[in-house]
file run_35.tsv (TSV, C-alpha atoms)
chain	number	residue	atom	x	y	z
A	29	MET	CA	87.00	106.12	104.77
A	30	ASN	CA	90.02	104.85	106.67
A	31	ILE	CA	93.03	105.14	104.35
A	32	GLY	CA	96.64	104.10	104.73
A	33	PHE	CA	99.29	106.24	103.03
A	34	ILE	CA	102.94	105.21	102.64
A	35	GLY	CA	105.45	107.67	101.19
A	36	LEU	CA	105.27	111.27	102.38
A	37	GLY	CA	107.69	113.02	100.06
A	38	ASN	CA	107.14	116.17	98.03
A	39	MET	CA	104.15	114.58	96.30
A	40	GLY	CA	102.86	112.13	98.90
A	41	ALA	CA	102.63	114.53	101.82
A	42	PRO	CA	100.28	117.06	100.14
A	43	MET	CA	98.23	114.19	98.69
A	44	ALA	CA	97.76	112.75	102.18
A	45	LEU	CA	96.88	116.20	103.51
A	46	ASN	CA	94.16	116.53	100.89
A	47	LEU	CA	92.69	113.21	102.03
A	48	LEU	CA	92.57	114.58	105.57
A	49	LYS	CA	90.88	117.75	104.32
A	50	ALA	CA	88.28	115.60	102.58
A	51	GLY	CA	87.37	114.04	105.93
A	52	HIS	CA	89.13	110.69	105.67
A	53	LYS	CA	91.03	109.13	108.54
A	54	VAL	CA	94.60	108.62	107.32
A	55	TYR	CA	97.27	106.29	108.71
A	56	VAL	CA	100.73	107.38	107.53
A	57	TYR	CA	104.27	106.03	107.32
A	58	ASP	CA	107.53	107.37	105.92
A	59	LEU	CA	111.21	106.83	106.65
A	60	VAL	CA	111.60	110.58	107.23
A	61	GLU	CA	110.43	111.38	110.76
A	62	SER	CA	109.77	115.06	110.08
A	63	ALA	CA	107.32	114.14	107.31
A	64	VAL	CA	105.40	111.85	109.65
A	65	GLN	CA	105.35	114.53	112.35
A	66	MET	CA	103.92	117.09	109.93
A	67	LEU	CA	101.07	114.78	108.90
A	68	GLU	CA	100.46	113.75	112.51
A	69	ALA	CA	100.15	117.41	113.48
A	70	SER	CA	97.52	117.77	110.76
A	71	GLY	CA	95.44	114.93	112.16
A	72	ALA	CA	96.90	111.75	110.64
A	73	VAL	CA	97.60	108.60	112.66
A	74	ARG	CA	101.26	107.60	112.87
A	75	ALA	CA	102.45	104.10	111.97
A	76	THR	CA	105.94	102.68	112.49
A	77	SER	CA	106.18	100.43	109.43
A	78	PRO	CA	104.43	99.60	106.14
A	79	ALA	CA	103.08	96.46	107.77
A	80	GLN	CA	101.53	98.47	110.61
A	81	VAL	CA	99.76	100.69	108.10
A	82	ALA	CA	98.55	97.63	106.20
A	83	SER	CA	97.28	95.88	109.31
A	84	ALA	CA	95.32	98.91	110.59
A	85	GLU	CA	91.54	99.10	110.18
A	86	ILE	CA	91.74	100.58	106.69
A	87	ASP	CA	89.60	100.37	103.59
A	88	MET	CA	92.25	101.51	101.13
A	89	LEU	CA	96.04	101.85	101.04
A	90	ILE	CA	97.92	104.29	98.81
A	91	THR	CA	101.66	104.36	98.16
A	92	MET	CA	103.81	107.11	96.62
A	93	LEU	CA	107.37	105.79	96.42
A	94	PRO	CA	110.56	106.78	94.54
A	95	ALA	CA	111.19	103.78	92.28
A	96	SER	CA	110.34	100.19	91.35
A	97	VAL	CA	112.74	98.73	93.90
A	98	HIS	CA	110.95	100.57	96.71
A	99	VAL	CA	107.52	99.47	95.47
A	100	LYS	CA	108.65	95.83	95.43
A	101	ARG	CA	110.16	96.12	98.90
A	102	VAL	CA	107.12	97.82	100.43
A	103	TYR	CA	104.57	95.47	98.89
A	104	LEU	CA	106.44	92.17	98.57
A	105	GLY	CA	108.93	92.23	101.46
A	106	GLU	CA	108.62	89.82	104.38
A	107	ASP	CA	107.24	92.63	106.56
A	108	GLY	CA	105.59	94.44	103.66
A	109	VAL	CA	102.04	95.35	102.74
A	110	LEU	CA	100.91	92.06	101.22
A	111	ALA	CA	102.10	90.12	104.23
A	112	ALA	CA	99.91	92.16	106.58
A	113	VAL	CA	96.97	93.64	104.69
A	114	GLY	CA	93.39	92.39	104.91
A	115	LYS	CA	91.84	90.99	101.74
A	116	GLN	CA	89.13	93.65	101.69
A	117	VAL	CA	91.65	96.50	101.37
A	118	LEU	CA	91.97	98.18	97.95
A	119	LEU	CA	95.59	98.95	97.04
A	120	ILE	CA	96.65	101.93	94.92
A	121	ASP	CA	100.24	102.65	93.89
A	122	SER	CA	100.81	106.19	92.66
A	123	SER	CA	104.56	105.82	92.23
A	124	THR	CA	106.05	106.24	88.76
A	125	ILE	CA	107.59	102.85	87.93
A	126	ASP	CA	107.94	100.52	84.97
A	127	PRO	CA	104.75	98.85	83.71
A	128	GLN	CA	106.11	95.33	84.21
A	129	THR	CA	106.71	95.87	87.93
A	130	ALA	CA	103.24	97.37	88.30
A	131	ARG	CA	101.73	94.28	86.66
A	132	GLU	CA	103.85	91.90	88.75
A	133	VAL	CA	102.84	93.48	92.06
A	134	ALA	CA	99.18	93.69	91.01
A	135	ALA	CA	99.22	90.00	90.07
A	136	GLN	CA	100.62	89.01	93.46
A	137	ALA	CA	98.04	91.19	95.19
A	138	ALA	CA	95.25	89.58	93.16
A	139	ALA	CA	96.56	86.12	94.00
A	140	GLN	CA	95.85	86.75	97.67
A	141	GLY	CA	92.55	88.48	97.06
A	142	ASN	CA	93.45	92.20	96.99
A	143	ASP	CA	92.31	94.50	94.21
A	144	MET	CA	95.06	96.86	93.04
A	145	LEU	CA	95.37	99.88	90.76
A	146	ASP	CA	98.45	101.61	89.39
A	147	ALA	CA	97.72	105.34	89.43
A	148	PRO	CA	100.76	107.51	88.65
A	149	VAL	CA	100.20	111.25	88.60
A	150	SER	CA	101.06	114.33	86.61
A	151	GLY	CA	100.88	117.92	87.79
A	152	GLY	CA	103.91	118.31	90.03
A	153	THR	CA	104.09	119.50	93.61
A	154	GLY	CA	101.82	122.46	92.84
A	155	GLY	CA	99.12	120.12	91.59
A	156	ALA	CA	99.58	117.87	94.60
A	157	GLN	CA	99.11	120.81	96.96
A	158	ALA	CA	96.12	122.20	95.09
A	159	GLY	CA	94.46	118.82	94.62
A	160	THR	CA	94.46	119.22	90.84
A	161	LEU	CA	96.64	116.27	89.84
A	162	THR	CA	95.96	114.12	86.81
A	163	PHE	CA	95.76	110.42	87.69
A	164	MET	CA	96.44	107.84	84.98
A	165	VAL	CA	94.88	104.65	86.30
A	166	GLY	CA	95.41	101.04	85.28
A	167	GLY	CA	93.46	98.04	86.58
A	168	ASP	CA	89.96	96.62	86.61
A	169	LYS	CA	87.31	99.15	85.55
A	170	ALA	CA	84.96	98.27	88.42
A	171	VAL	CA	87.81	98.74	90.92
A	172	PHE	CA	88.60	102.09	89.31
A	173	GLU	CA	85.00	103.18	89.88
A	174	ARG	CA	85.29	102.24	93.57
A	175	ALA	CA	88.47	104.26	93.96
A	176	LEU	CA	87.28	107.30	92.00
A	177	PRO	CA	85.82	109.34	94.90
A	178	VAL	CA	89.08	109.06	96.85
A	179	LEU	CA	91.22	109.93	93.83
A	180	GLN	CA	89.01	112.97	93.23
A	181	ALA	CA	90.00	114.28	96.66
A	182	MET	CA	93.57	114.52	95.36
A	183	GLY	CA	93.15	115.20	91.65
A	184	LYS	CA	91.09	116.99	89.04
A	185	ASN	CA	91.54	114.73	86.01
A	186	ILE	CA	91.14	111.02	86.74
A	187	VAL	CA	91.65	108.98	83.57
A	188	TYR	CA	91.03	105.25	83.23
A	189	CYS	CA	93.75	103.81	80.96
A	190	GLY	CA	92.84	100.12	80.80
A	191	GLY	CA	94.26	97.03	82.45
A	192	ALA	CA	96.96	96.69	85.10
A	193	GLY	CA	100.14	98.60	84.25
A	194	ASN	CA	98.49	100.87	81.69
A	195	GLY	CA	98.58	103.84	84.04
A	196	GLN	CA	102.36	103.48	84.06
A	197	VAL	CA	102.40	103.10	80.27
A	198	ALA	CA	100.60	106.43	79.91
A	199	LYS	CA	102.94	108.11	82.39
A	200	VAL	CA	106.23	106.96	80.83
A	201	ALA	CA	105.03	107.76	77.30
A	202	ASN	CA	103.93	111.26	78.34
A	203	ASN	CA	107.12	112.01	80.26
A	204	MET	CA	109.31	110.72	77.46
A	205	LEU	CA	107.60	113.19	75.12
A	206	LEU	CA	107.99	115.95	77.71
A	207	GLY	CA	111.73	115.34	77.99
A	208	ILE	CA	112.11	115.37	74.23
A	209	SER	CA	110.03	118.52	73.78
A	210	MET	CA	111.94	120.39	76.49
A	211	ILE	CA	115.22	119.70	74.73
A	212	GLY	CA	113.71	120.96	71.48
A	213	ALA	CA	112.41	124.08	73.19
A	214	ALA	CA	115.81	124.71	74.74
A	215	GLU	CA	117.61	124.35	71.41
A	216	ALA	CA	115.13	126.60	69.58
A	217	MET	CA	115.19	129.34	72.23
A	218	ASN	CA	118.96	129.28	72.43
A	219	LEU	CA	119.31	129.42	68.63
A	220	GLY	CA	116.92	132.35	68.24
A	221	VAL	CA	118.47	134.41	71.06
A	222	SER	CA	122.00	133.65	69.81
A	223	LEU	CA	120.96	135.00	66.40
A	224	GLY	CA	119.73	138.24	67.93
A	225	MET	CA	116.08	137.70	68.89
A	226	ASP	CA	114.58	139.01	72.10
A	227	PRO	CA	113.62	135.86	74.05
A	228	LYS	CA	110.12	137.07	74.94
A	229	VAL	CA	109.38	138.09	71.36
A	230	LEU	CA	110.67	134.75	70.09
A	231	ALA	CA	108.60	132.82	72.62
A	232	GLY	CA	105.52	134.82	71.68
A	233	ILE	CA	106.00	133.95	68.01
A	234	ILE	CA	106.55	130.26	68.74
A	235	ASN	CA	103.50	130.16	70.99
A	236	THR	CA	101.24	131.53	68.25
A	237	SER	CA	102.82	129.36	65.56
A	238	SER	CA	103.33	125.69	64.75
A	239	GLY	CA	106.17	125.24	67.27
A	240	ARG	CA	103.89	125.89	70.23
A	241	CYS	CA	103.99	123.29	73.02
A	242	TRP	CA	103.76	123.13	76.82
A	243	SER	CA	107.55	123.41	77.12
A	244	THR	CA	107.56	126.75	75.28
A	245	GLU	CA	104.30	128.25	76.52
A	246	VAL	CA	103.97	127.26	80.19
A	247	TYR	CA	107.47	126.14	81.18
A	248	ASN	CA	109.77	128.00	78.82
A	249	PRO	CA	113.41	127.10	79.58
A	250	TYR	CA	114.80	130.57	78.82
A	251	PRO	CA	115.15	132.83	81.91
A	252	GLY	CA	112.66	135.67	82.19
A	253	VAL	CA	110.23	134.50	79.50
A	254	VAL	CA	107.69	132.97	81.89
A	255	GLU	CA	108.01	134.59	85.31
A	256	THR	CA	106.45	131.65	87.15
A	257	ALA	CA	108.64	129.01	85.48
A	258	PRO	CA	111.73	127.58	87.22
A	259	ALA	CA	113.90	129.09	84.47
A	260	SER	CA	113.10	132.51	85.97
A	261	LYS	CA	114.06	131.25	89.43
A	262	GLU	CA	117.53	129.92	88.60
A	263	TYR	CA	115.96	126.53	87.81
A	264	ALA	CA	115.03	125.92	91.43
A	265	GLY	CA	111.99	123.82	92.35
A	266	GLY	CA	109.76	122.17	89.80
A	267	PHE	CA	110.56	118.73	88.38
A	268	GLY	CA	114.18	117.76	88.96
A	269	ALA	CA	116.45	116.76	86.09
A	270	ASP	CA	117.29	113.50	87.88
A	271	LEU	CA	113.57	112.69	88.05
A	272	MET	CA	113.27	113.27	84.31
A	273	LEU	CA	116.32	111.07	83.81
A	274	LYS	CA	114.64	108.34	85.85
A	275	ASP	CA	111.44	108.55	83.78
A	276	LEU	CA	113.34	108.50	80.51
A	277	GLY	CA	115.13	105.40	81.77
A	278	LEU	CA	111.78	103.76	82.48
A	279	ALA	CA	110.59	104.61	78.98
A	280	THR	CA	113.68	103.29	77.22
A	281	GLU	CA	113.72	100.12	79.34
A	282	ALA	CA	110.05	99.48	78.59
A	283	ALA	CA	110.76	100.07	74.90
A	284	ARG	CA	113.67	97.63	75.00
A	285	ALA	CA	111.49	94.95	76.56
A	286	ALA	CA	108.80	95.52	73.92
A	287	LYS	CA	111.37	95.77	71.10
A	288	VAL	CA	110.00	99.18	70.11
A	289	PRO	CA	112.39	101.88	68.82
A	290	VAL	CA	112.51	105.16	70.77
A	291	VAL	CA	115.38	106.94	69.07
A	292	MET	CA	114.48	110.42	70.32
A	293	GLY	CA	113.70	109.10	73.79
A	294	ALA	CA	117.08	107.38	74.02
A	295	THR	CA	118.84	110.54	72.83
A	296	ALA	CA	116.97	112.59	75.43
A	297	GLN	CA	118.01	110.10	78.10
A	298	GLN	CA	121.68	110.49	77.16
A	299	LEU	CA	121.46	114.29	77.19
A	300	TYR	CA	119.88	114.28	80.64
A	301	GLN	CA	122.50	111.75	81.77
A	302	THR	CA	125.19	114.20	80.64
A	303	PHE	CA	123.43	117.09	82.38
A	304	SER	CA	123.17	115.11	85.62
A	305	ALA	CA	126.81	113.97	85.43
A	306	GLN	CA	127.80	117.64	85.31
A	307	GLY	CA	126.25	118.07	88.77
A	308	ASN	CA	122.91	119.50	87.66
A	309	GLY	CA	120.59	116.69	88.69
A	310	LYS	CA	118.84	118.74	91.37
A	311	LEU	CA	118.02	121.60	89.01
A	312	ASP	CA	114.67	121.70	87.27
A	313	PHE	CA	114.65	119.66	84.08
A	314	SER	CA	114.21	122.81	81.97
A	315	GLY	CA	117.78	123.64	83.00
A	316	ILE	CA	118.82	121.31	80.17
A	317	ILE	CA	119.23	124.55	78.18
A	318	LYS	CA	122.54	124.93	80.03
A	319	LEU	CA	123.94	122.20	77.78
A	320	PHE	CA	123.51	124.58	74.84
A	321	SER	CA	124.17	127.98	76.43
A	322	ASP	CA	125.50	129.67	79.55
A	323	LYS	CA	121.98	130.57	80.80

call {"tool": "encode", "arguments": {"input": "run_35.tsv", "output": "structure tokens"}}
result
Amino acid sequence: MNIGFIGLGNMGAPMALNLLKAGHKVYVYDLVESAVQMLEASGAVRATSPAQVASAEIDMLITMLPASVHVKRVYLGEDGVLAAVGKQVLLIDSSTIDPQTAREVAAQAAAQGNDMLDAPVSGGTGGAQAGTLTFMVGGDKAVFERALPVLQAMGKNIVYCGGAGNGQVAKVANNMLLGISMIGAAEAMNLGVSLGMDPKVLAGIINTSSGRCWSTEVYNPYPGVVETAPASKEYAGGFGADLMLKDLGLATEAARAAKVPVVMGATAQQLYQTFSAQGNGKLDFSGIIKLFSDK
């Protein structure tokens, strides 16, 4: 297929590369010139604007953008995607944004005859590079089936979540829980070590007991417990604290609009806000343990 791809950041660039590896022709655009050059060197076709990508001879267009404001600008702006794209082109937004924006953009796309899916991802940069991402997809089921082969070139677990915006609902709910659980893991590890436990022994007990979770087993926030985790690399790489703060903000805003209480989610948001305000926003989100200890 001929595929347009807008947004070549830490996630978008390896996703686009995997589409090239799968044999697709990919038209790319990003504000960062070096990112475009890297994809061009790998065989992609350069475009100079979102509109130029949209107006190319493409069958599908995928976006991976930082936030809702960027999605609205790229799709709904005067020189944006919807102003230039052909009606036969399937649109997929893999950004993590609020469900309401996803539904608004999908509705405007549908009004001019374009099918659209929201398909945020989980799995981090490692999953993007390996092509093992999880896609949480919202939109029409028949459109999902059309997009599935392309999504499978970038991900391992492709999950249909229901109507438009439901992919974003799944993503914000999951990441809210992740933020909460990481804070709990950090508190528990810090408490046990402060009371005299060896951190690896403590983690081993937790991970074979009722406290076990992804944040303790795979991504433990205490240095040296999991050698491959950012905590063992001075909290470098991984999923930035400011990105977690953004996702917690999306969750609490969605909850406010729906009048649903998220007491733990709101508390987690405030703790990550404090952590970021201390200058730690670029550290991995497991670095939140620094709020409770000097690790």

call {"tool": "closest_atom_pairs", "arguments": {"input": "run_35.tsv", "of": "range 288-319 of chain A", "to": "range 186-204 of chain A", "cutoff": "10 Å", "atoms": "all atoms listed in the file", "output": "Markdown table"}}
result
| residue | atom | partner | partner_atom | distance |
| --- | --- | --- | --- | --- |
| A:Val290 | CA | A:Met204 | CA | 9.3 |
| A:Met292 | CA | A:Met204 | CA | 8.8 |
| A:Gly293 | CA | A:Met204 | CA | 5.9 |
| A:Ala294 | CA | A:Met204 | CA | 9.1 |
| A:Ala296 | CA | A:Met204 | CA | 8.1 |
| A:Gln297 | CA | A:Met204 | CA | 8.7 |

call {"tool": "write_last_selection", "arguments": {"input": "run_35.tsv", "atoms": "C-alpha atoms", "output": "PDB file, in the coordinates of the input"}}
result
ATOM      1  CA  VAL A 290     112.510 105.160  70.770  1.00  0.00           C
ATOM      2  CA  MET A 292     114.480 110.420  70.320  1.00  0.00           C
ATOM      3  CA  GLY A 293     113.700 109.100  73.790  1.00  0.00           C
ATOM      4  CA  ALA A 294     117.080 107.380  74.020  1.00  0.00           C
ATOM      5  CA  ALA A 296     116.970 112.590  75.430  1.00  0.00           C
ATOM      6  CA  GLN A 297     118.010 110.100  78.100  1.00  0.00           C
TER       7      GLN A 297
END

call {"tool": "closest_residue", "arguments": {"input": "run_35.tsv", "among": "A:Leu67, A:Leu36, A:Val73, A:Ile125", "to": "Ala282 in chain A", "atoms": "only C-alpha atoms"}}
result
A:Ile125

call {"tool": "residues_around", "arguments": {"input": "run_35.tsv", "residues": "range 144-147 of chain A", "least_positions_apart": "4", "cutoff": "6 Å", "atoms": "only C-alpha atoms", "output": "list in words"}}
result
Leu118, Leu119, Ile120, Asp121, Ser122, Ala134, Phe163, Met164, Val165, Gly166, Gly167 and Gly195 of chain A

call {"tool": "closest_residue", "arguments": {"input": "run_35.tsv", "among": "A:Ser70, A:Gln80, A:Ser222, A:Ser123", "to": "Ser96 in chain A", "atoms": "only C-alpha atoms"}}
result
A:Ser123

call {"tool": "closest_residue", "arguments": {"input": "run_35.tsv", "among": "A:Leu273, A:Leu59, A:Ala286, A:Ala279", "to": "Gly309 in chain A", "atoms": "only C-alpha atoms"}}
result
A:Leu273

call {"tool": "closest_residue", "arguments": {"input": "run_35.tsv", "among": "A:Ala231, A:Leu276, A:Ala158, A:Ser304", "to": "Val291 in chain A", "atoms": "all atoms listed in the file"}}
result
A:Leu276

call {"tool": "decode", "arguments": {"input": "run_35.tsv", "residues": "range 74-161 of chain A", "atoms": "C-alpha atoms", "output": "mmCIF file, in the first residue's frame"}}
result
data_model
loop_
_atom_site.group_PDB
_atom_site.id
_atom_site.type_symbol
_atom_site.label_atom_id
_atom_site.label_comp_id
_atom_site.auth_asym_id
_atom_site.auth_seq_id
_atom_site.Cartn_x
_atom_site.Cartn_y
_atom_site.Cartn_z
ATOM 1 C CA ARG A 74 9.696 13.186 1.771
ATOM 2 C CA ALA A 75 6.790 15.624 2.027
ATOM 3 C CA THR A 76 6.980 19.284 3.047
ATOM 4 C CA SER A 77 3.653 19.612 4.884
ATOM 5 C CA PRO A 78 0.753 17.559 6.262
ATOM 6 C CA ALA A 79 -1.312 18.660 3.276
ATOM 7 C CA GLN A 80 1.312 17.356 0.848
ATOM 8 C CA VAL A 81 1.238 13.973 2.550
ATOM 9 C CA ALA A 82 -2.558 13.957 2.437
ATOM 10 C CA SER A 83 -2.710 14.908 -1.228
ATOM 11 C CA ALA A 84 -0.217 12.227 -2.335
ATOM 12 C CA GLU A 85 -1.412 9.015 -3.986
ATOM 13 C CA ILE A 86 -1.990 7.238 -0.683
ATOM 14 C CA ASP A 87 -4.426 4.611 0.535
ATOM 15 C CA MET A 88 -4.006 5.298 4.238
ATOM 16 C CA LEU A 89 -2.642 8.077 6.457
ATOM 17 C CA ILE A 90 -1.290 7.551 9.971
ATOM 18 C CA THR A 91 -0.458 10.245 12.512
ATOM 19 C CA MET A 92 1.578 10.001 15.726
ATOM 20 C CA LEU A 93 1.495 13.426 17.387
ATOM 21 C CA PRO A 94 2.258 14.797 20.877
ATOM 22 C CA ALA A 95 -1.133 16.079 22.058
ATOM 23 C CA SER A 96 -4.731 16.951 21.211
ATOM 24 C CA VAL A 97 -3.847 20.452 20.050
ATOM 25 C CA HIS A 98 -1.449 19.033 17.457
ATOM 26 C CA VAL A 99 -4.006 16.486 16.240
ATOM 27 C CA LYS A 100 -6.589 19.236 15.747
ATOM 28 C CA ARG A 101 -4.091 21.442 13.928
ATOM 29 C CA VAL A 102 -2.846 18.684 11.627
ATOM 30 C CA TYR A 103 -6.298 17.376 10.735
ATOM 31 C CA LEU A 104 -8.537 20.441 10.961
ATOM 32 C CA GLY A 105 -6.228 23.339 10.049
ATOM 33 C CA GLU A 106 -6.717 25.319 6.845
ATOM 34 C CA ASP A 107 -3.751 23.509 5.265
ATOM 35 C CA GLY A 108 -4.315 20.299 7.218
ATOM 36 C CA VAL A 109 -5.136 16.730 6.317
ATOM 37 C CA LEU A 110 -8.898 17.021 5.882
ATOM 38 C CA ALA A 111 -8.510 19.978 3.554
ATOM 39 C CA ALA A 112 -6.319 17.981 1.170
ATOM 40 C CA VAL A 113 -7.006 14.263 1.535
ATOM 41 C CA GLY A 114 -8.962 12.169 -0.952
ATOM 42 C CA LYS A 115 -12.202 10.603 0.270
ATOM 43 C CA GLN A 116 -10.915 7.074 -0.326
ATOM 44 C CA VAL A 117 -8.053 7.485 2.174
ATOM 45 C CA LEU A 118 -8.406 5.731 5.544
ATOM 46 C CA LEU A 119 -7.181 7.881 8.441
ATOM 47 C CA ILE A 120 -5.596 6.463 11.606
ATOM 48 C CA ASP A 121 -4.480 8.577 14.561
ATOM 49 C CA SER A 122 -2.123 6.784 16.939
ATOM 50 C CA SER A 123 -1.517 9.788 19.177
ATOM 51 C CA THR A 124 -2.554 9.585 22.821
ATOM 52 C CA ILE A 125 -5.224 12.264 23.241
ATOM 53 C CA ASP A 126 -8.529 12.757 25.032
ATOM 54 C CA PRO A 127 -11.478 10.676 23.783
ATOM 55 C CA GLN A 128 -13.614 13.733 23.027
ATOM 56 C CA THR A 129 -11.063 15.181 20.604
ATOM 57 C CA ALA A 130 -10.715 11.797 18.916
ATOM 58 C CA ARG A 131 -14.488 11.653 18.424
ATOM 59 C CA GLU A 132 -14.655 15.246 17.189
ATOM 60 C CA VAL A 133 -11.969 14.747 14.539
ATOM 61 C CA ALA A 134 -13.457 11.398 13.461
ATOM 62 C CA ALA A 135 -16.873 13.020 13.068
ATOM 63 C CA GLN A 136 -15.476 15.774 10.859
ATOM 64 C CA ALA A 137 -13.603 13.191 8.797
ATOM 65 C CA ALA A 138 -16.783 11.143 8.390
ATOM 66 C CA ALA A 139 -18.713 14.243 7.353
ATOM 67 C CA GLN A 140 -16.506 14.593 4.291
ATOM 68 C CA GLY A 141 -16.439 10.884 3.535
ATOM 69 C CA ASN A 142 -13.240 9.655 5.233
ATOM 70 C CA ASP A 143 -13.198 6.640 7.517
ATOM 71 C CA MET A 144 -11.095 7.195 10.645
ATOM 72 C CA LEU A 145 -9.786 5.119 13.539
ATOM 73 C CA ASP A 146 -8.194 6.190 16.804
ATOM 74 C CA ALA A 147 -5.420 3.704 17.543
ATOM 75 C CA PRO A 148 -3.179 4.725 20.461
ATOM 76 C CA VAL A 149 -0.393 2.335 21.365
ATOM 77 C CA SER A 150 1.287 0.755 24.350
ATOM 78 C CA GLY A 151 4.713 -0.843 24.439
ATOM 79 C CA GLY A 152 7.106 2.089 24.436
ATOM 80 C CA THR A 153 9.982 2.819 22.089
ATOM 81 C CA GLY A 154 11.251 -0.752 22.402
ATOM 82 C CA GLY A 155 7.924 -2.097 21.202
ATOM 83 C CA ALA A 156 7.842 0.433 18.388
ATOM 84 C CA GLN A 157 11.274 -0.659 17.197
ATOM 85 C CA ALA A 158 10.513 -4.364 17.497
ATOM 86 C CA GLY A 159 7.072 -4.082 15.912
ATOM 87 C CA THR A 160 5.418 -5.560 19.004
ATOM 88 C CA LEU A 161 3.194 -2.653 20.041
#
